[in-house]
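Listing of upload_26.json; format and content: JSON, C-alpha atoms.
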```
[["chain", "number", "residue", "atom", "x", "y", "z"],
["N", 1, "ASP", "CA", 16.97, 90.22, -27.50],
["N", 2, "GLU", "CA", 13.96, 87.90, -27.86],
["N", 3, "SER", "CA", 15.67, 85.58, -30.36],
["N", 4, "LYS", "CA", 18.09, 84.15, -27.81],
["N", 5, "SER", "CA", 17.55, 81.85, -24.87],
["N", 6, "ALA", "CA", 19.66, 81.16, -21.81],
["N", 7, "VAL", "CA", 21.25, 78.14, -23.52],
["N", 8, "GLY", "CA", 21.87, 79.59, -27.00],
["N", 9, "PRO", "CA", 19.90, 80.50, -30.09],
["N", 10, "ALA", "CA", 16.14, 80.15, -29.87],
["N", 11, "PHE", "CA", 14.55, 77.04, -31.35],
["N", 12, "MET", "CA", 12.52, 77.70, -34.50],
["N", 13, "ASP", "CA", 10.19, 74.88, -35.49],
["N", 14, "PHE", "CA", 10.04, 75.56, -39.23],
["N", 15, "ALA", "CA", 6.61, 74.55, -40.60],
["N", 16, "GLY", "CA", 5.92, 72.35, -37.59],
["N", 17, "SER", "CA", 8.65, 69.87, -38.50],
["N", 18, "GLY", "CA", 9.43, 68.98, -34.88],
["N", 19, "LEU", "CA", 5.84, 68.04, -34.13],
["N", 20, "VAL", "CA", 5.43, 66.21, -37.45],
["N", 21, "HIS", "CA", 8.57, 64.10, -36.95],
["N", 22, "LEU", "CA", 7.82, 63.44, -33.28],
["N", 23, "THR", "CA", 4.33, 62.21, -34.18],
["N", 24, "GLY", "CA", 5.63, 60.04, -37.01],
["N", 25, "GLY", "CA", 8.42, 58.60, -34.87],
["N", 26, "VAL", "CA", 6.13, 57.73, -31.98],
["N", 27, "GLY", "CA", 3.63, 56.19, -34.40],
["N", 28, "ALA", "CA", 6.36, 54.11, -36.05],
["N", 29, "LEU", "CA", 7.67, 52.95, -32.69],
["N", 30, "CYS", "CA", 4.19, 51.93, -31.55],
["N", 31, "GLY", "CA", 3.59, 50.11, -34.84],
["N", 32, "ALA", "CA", 6.91, 48.28, -34.58],
["N", 33, "ILE", "CA", 6.14, 47.21, -31.02],
["N", 34, "VAL", "CA", 2.64, 45.98, -31.93],
["N", 35, "VAL", "CA", 3.58, 44.21, -35.18],
["N", 36, "GLY", "CA", 6.96, 42.87, -34.02],
["N", 37, "PRO", "CA", 9.78, 41.60, -36.22],
["N", 38, "ARG", "CA", 9.02, 40.01, -39.57],
["N", 39, "ASN", "CA", 8.91, 36.21, -39.81],
["N", 40, "GLY", "CA", 12.42, 34.80, -40.02],
["N", 41, "ARG", "CA", 14.08, 38.10, -39.06],
["N", 42, "TRP", "CA", 16.39, 36.43, -36.54],
["N", 43, "ASP", "CA", 16.93, 33.23, -38.55],
["N", 44, "GLU", "CA", 20.50, 33.28, -39.93],
["N", 45, "SER", "CA", 19.55, 31.12, -42.94],
["N", 46, "LYS", "CA", 17.05, 33.77, -44.10],
["N", 47, "ALA", "CA", 19.14, 36.85, -43.29],
["N", 48, "ASN", "CA", 19.58, 37.97, -46.92],
["N", 49, "ASP", "CA", 16.21, 36.85, -48.29],
["N", 50, "PHE", "CA", 14.33, 40.10, -47.68],
["N", 51, "ASP", "CA", 13.78, 41.71, -51.09],
["N", 52, "GLY", "CA", 11.32, 44.30, -52.25],
["N", 53, "HIS", "CA", 8.49, 43.00, -54.39],
["N", 54, "SER", "CA", 8.76, 45.55, -57.23],
["N", 55, "VAL", "CA", 11.72, 47.75, -58.11],
["N", 56, "PRO", "CA", 9.70, 49.89, -60.58],
["N", 57, "PHE", "CA", 7.10, 50.61, -57.88],
["N", 58, "CYS", "CA", 9.89, 51.49, -55.45],
["N", 59, "VAL", "CA", 11.28, 54.01, -57.94],
["N", 60, "LEU", "CA", 7.83, 55.36, -58.78],
["N", 61, "GLY", "CA", 6.98, 55.82, -55.10],
["N", 62, "THR", "CA", 10.30, 57.58, -54.51],
["N", 63, "PHE", "CA", 9.58, 60.03, -57.33],
["N", 64, "PHE", "CA", 6.04, 60.64, -56.01],
["N", 65, "LEU", "CA", 7.44, 61.49, -52.57],
["N", 66, "TRP", "CA", 10.16, 63.67, -54.07],
["N", 67, "PHE", "CA", 7.58, 65.57, -56.14],
["N", 68, "GLY", "CA", 5.47, 66.14, -53.02],
["N", 69, "TRP", "CA", 8.46, 67.61, -51.22],
["N", 70, "TYR", "CA", 8.52, 70.43, -53.81],
["N", 71, "GLY", "CA", 5.06, 71.49, -52.72],
["N", 72, "PHE", "CA", 5.78, 71.26, -49.02],
["N", 73, "ASN", "CA", 9.28, 72.71, -48.67],
["N", 74, "PRO", "CA", 9.03, 75.91, -50.76],
["N", 75, "GLY", "CA", 5.42, 76.35, -49.64],
["N", 76, "SER", "CA", 6.51, 76.18, -46.01],
["N", 77, "THR", "CA", 8.31, 79.49, -46.37],
["N", 78, "GLY", "CA", 4.86, 81.00, -45.76],
["N", 79, "SER", "CA", 4.63, 83.47, -48.62],
["N", 80, "MET", "CA", 6.13, 84.75, -51.83],
["N", 81, "HIS", "CA", 4.81, 88.28, -51.81],
["N", 82, "ASP", "CA", 8.10, 90.01, -52.58],
["N", 83, "ALA", "CA", 11.49, 89.28, -54.09],
["N", 84, "ALA", "CA", 13.14, 88.31, -50.81],
["N", 85, "THR", "CA", 10.59, 85.66, -49.85],
["N", 86, "ALA", "CA", 10.48, 84.36, -53.43],
["N", 87, "HIS", "CA", 14.27, 84.09, -53.34],
["N", 88, "THR", "CA", 14.06, 82.11, -50.10],
["N", 89, "ALA", "CA", 11.49, 79.74, -51.62],
["N", 90, "GLY", "CA", 13.75, 79.33, -54.64],
["N", 91, "LEU", "CA", 16.71, 78.42, -52.45],
["N", 92, "VAL", "CA", 14.55, 75.88, -50.63],
["N", 93, "ALA", "CA", 13.56, 74.35, -53.99],
["N", 94, "VAL", "CA", 17.21, 74.14, -55.07],
["N", 95, "ASN", "CA", 18.11, 72.43, -51.77],
["N", 96, "THR", "CA", 15.17, 70.07, -52.31],
["N", 97, "THR", "CA", 16.80, 69.12, -55.61],
["N", 98, "LEU", "CA", 20.48, 68.94, -54.65],
["N", 99, "ALA", "CA", 20.28, 67.15, -51.28],
["N", 100, "PRO", "CA", 18.50, 64.01, -52.54],
["N", 101, "CYS", "CA", 20.61, 63.90, -55.70],
["N", 102, "VAL", "CA", 23.86, 63.94, -53.76],
["N", 103, "ALA", "CA", 22.63, 61.56, -51.06],
["N", 104, "GLY", "CA", 21.29, 59.08, -53.63],
["N", 105, "LEU", "CA", 24.54, 59.11, -55.60],
["N", 106, "ILE", "CA", 26.66, 58.68, -52.47],
["N", 107, "VAL", "CA", 24.63, 55.68, -51.32],
["N", 108, "PHE", "CA", 24.66, 54.24, -54.85],
["N", 109, "MET", "CA", 28.46, 54.59, -55.14],
["N", 110, "LEU", "CA", 29.09, 53.20, -51.66],
["N", 111, "ARG", "CA", 26.89, 50.20, -52.46],
["N", 112, "ALA", "CA", 28.57, 49.69, -55.84],
["N", 113, "PHE", "CA", 32.22, 50.14, -54.85],
["N", 114, "VAL", "CA", 32.66, 49.85, -51.06],
["N", 115, "PHE", "CA", 30.16, 47.60, -49.29],
["N", 116, "PRO", "CA", 29.92, 43.94, -50.29],
["N", 117, "PRO", "CA", 28.28, 42.47, -52.18],
["N", 118, "ARG", "CA", 29.32, 45.22, -54.59],
["N", 119, "LEU", "CA", 26.37, 45.70, -56.90],
["N", 120, "LEU", "CA", 24.29, 48.40, -58.54],
["N", 121, "ASP", "CA", 21.39, 48.62, -56.10],
["N", 122, "VAL", "CA", 18.41, 50.70, -57.22],
["N", 123, "GLY", "CA", 16.63, 50.17, -53.89],
["N", 124, "ALA", "CA", 19.59, 51.61, -52.01],
["N", 125, "PHE", "CA", 19.63, 54.53, -54.46],
["N", 126, "CYS", "CA", 15.97, 55.24, -53.64],
["N", 127, "ASN", "CA", 16.70, 55.02, -49.91],
["N", 128, "GLY", "CA", 19.55, 57.50, -50.37],
["N", 129, "ILE", "CA", 17.21, 59.90, -52.17],
["N", 130, "LEU", "CA", 14.68, 59.68, -49.34],
["N", 131, "ALA", "CA", 17.41, 60.18, -46.75],
["N", 132, "GLY", "CA", 18.52, 63.30, -48.61],
["N", 133, "LEU", "CA", 14.97, 64.61, -48.66],
["N", 134, "VAL", "CA", 14.56, 64.15, -44.93]]
```
Any chance you could give the structure as structure tokens?
Amino acid sequence: DESKSAVGPAFMDFAGSGLVHLTGGVGALCGAIVVGPRNGRWDESKANDFDGHSVPFCVLGTFFLWFGWYGFNPGSTGSMHDAATAHTAGLVAVNTTLAPCVAGLIVFMLRAFVFPPRLLDVGAFCNGILAGLV
């Protein structure tokens, strides 16, 4: 059977995700090495002073990225020429909705009730949404 390898199931790189994430990861690593840590990163007196500049822009950017995922994920199924492929694209769209919702709520609840300082953190909620999308 061609779908199996000597070490288990064959690897399927769906929509080039392996190459995309490898390229992004290597680029991020190179950028982090070149730029280095932010000023005051290792200064204990400034450890909690790193805040985002605009919470509304953070939320807006999160929703823009989430909206873009709806074009990429269902579109990456390749086609919707019959009921079966349309059903697959529909399932992908549902997963693209449920995964970030659940991840965002989990991060929000953990930040609000478990990890100190216990507060309602919109930035953490947005990070949870993005983690669920990835």
Check your understanding: When you draw a straight line from atom CA of Ser45 of chain N to atom CA of Ala131 of chain N, how long is it in Å?
Key ->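 Computing it gives 29.4 Å between the two atoms.
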**Study point:** Point-to-point distance from atom CA of Ser76 of chain N to atom CA of Ala28 of chain N, Å rounded to tenths
**Key:**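 These two atoms are separated by 24.2 Å.
Restricting the calculation to all atoms listed in the file, the smallest distance between Ala112 of chain N and any of N:Val94, N:Ala99, N:Ala124, N:Leu22 is found for N:Ala124.
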Exercise for review: Determine the nearest neighbour of His53 of chain N from the options N:Gly71, N:Gly123, N:Gly18, N:Gly27, counting all atoms listed in the file.
Suggested key: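 Of the candidates, the smallest distance to His53 of chain N is held by N:Gly123.
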Point to revise | Atomic distance atom CA of Phe72 of chain N - atom CA of Cys58 of chain N, expressed in Å with one decimal | key: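 Atom CA of Cys58 of chain N lies at a distance of 21.2 Å from atom CA of Phe72 of chain N.
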Check your understanding: Between N:Val107, N:Ala86, N:Val92, N:Leu19, which one has atoms that come closest to Trp69 of chain N, using all atoms listed in the file?
Key ->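 Closest residue, counting all atoms listed in the file: N:Val92.
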Around all the atoms of segment 104-109 of chain N listed in the file, with 4 Å of room on each side, what axis-aligned box do you get, giving centre and edge lengths in Å to one decimal, as lines of an AutoDock Vina configuration file?
```
center_x = 24.9
center_y = 56.7
center_z = -53.5
size_x = 15.2
size_y = 12.9
size_z = 12.3
```
**Study point:** For Ala93 of chain N, the nearest of the candidates N:Gly8, N:Leu60, N:Leu133, N:Asp121, counting only C-alpha atoms
**Key:**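 Closest to Ala93 of chain N, using only C-alpha atoms: N:Leu133.
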Review point. Taking into account all atoms listed in the file, which residue in the set N:Cys101, N:Leu91, N:Ala32, N:Ala6 is nearest to Leu130 of chain N?
Key: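 Once distances to Leu130 of chain N are computed over all atoms listed in the file, the minimum belongs to N:Cys101.
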Point to revise | Non-local contacts of Gly16 of chain N (12 Å; all atoms listed in the file; under 4 positions in same chain excluded) as a ChimeraX atom specification | key: /N:11-12,20-23,72-73,76-78
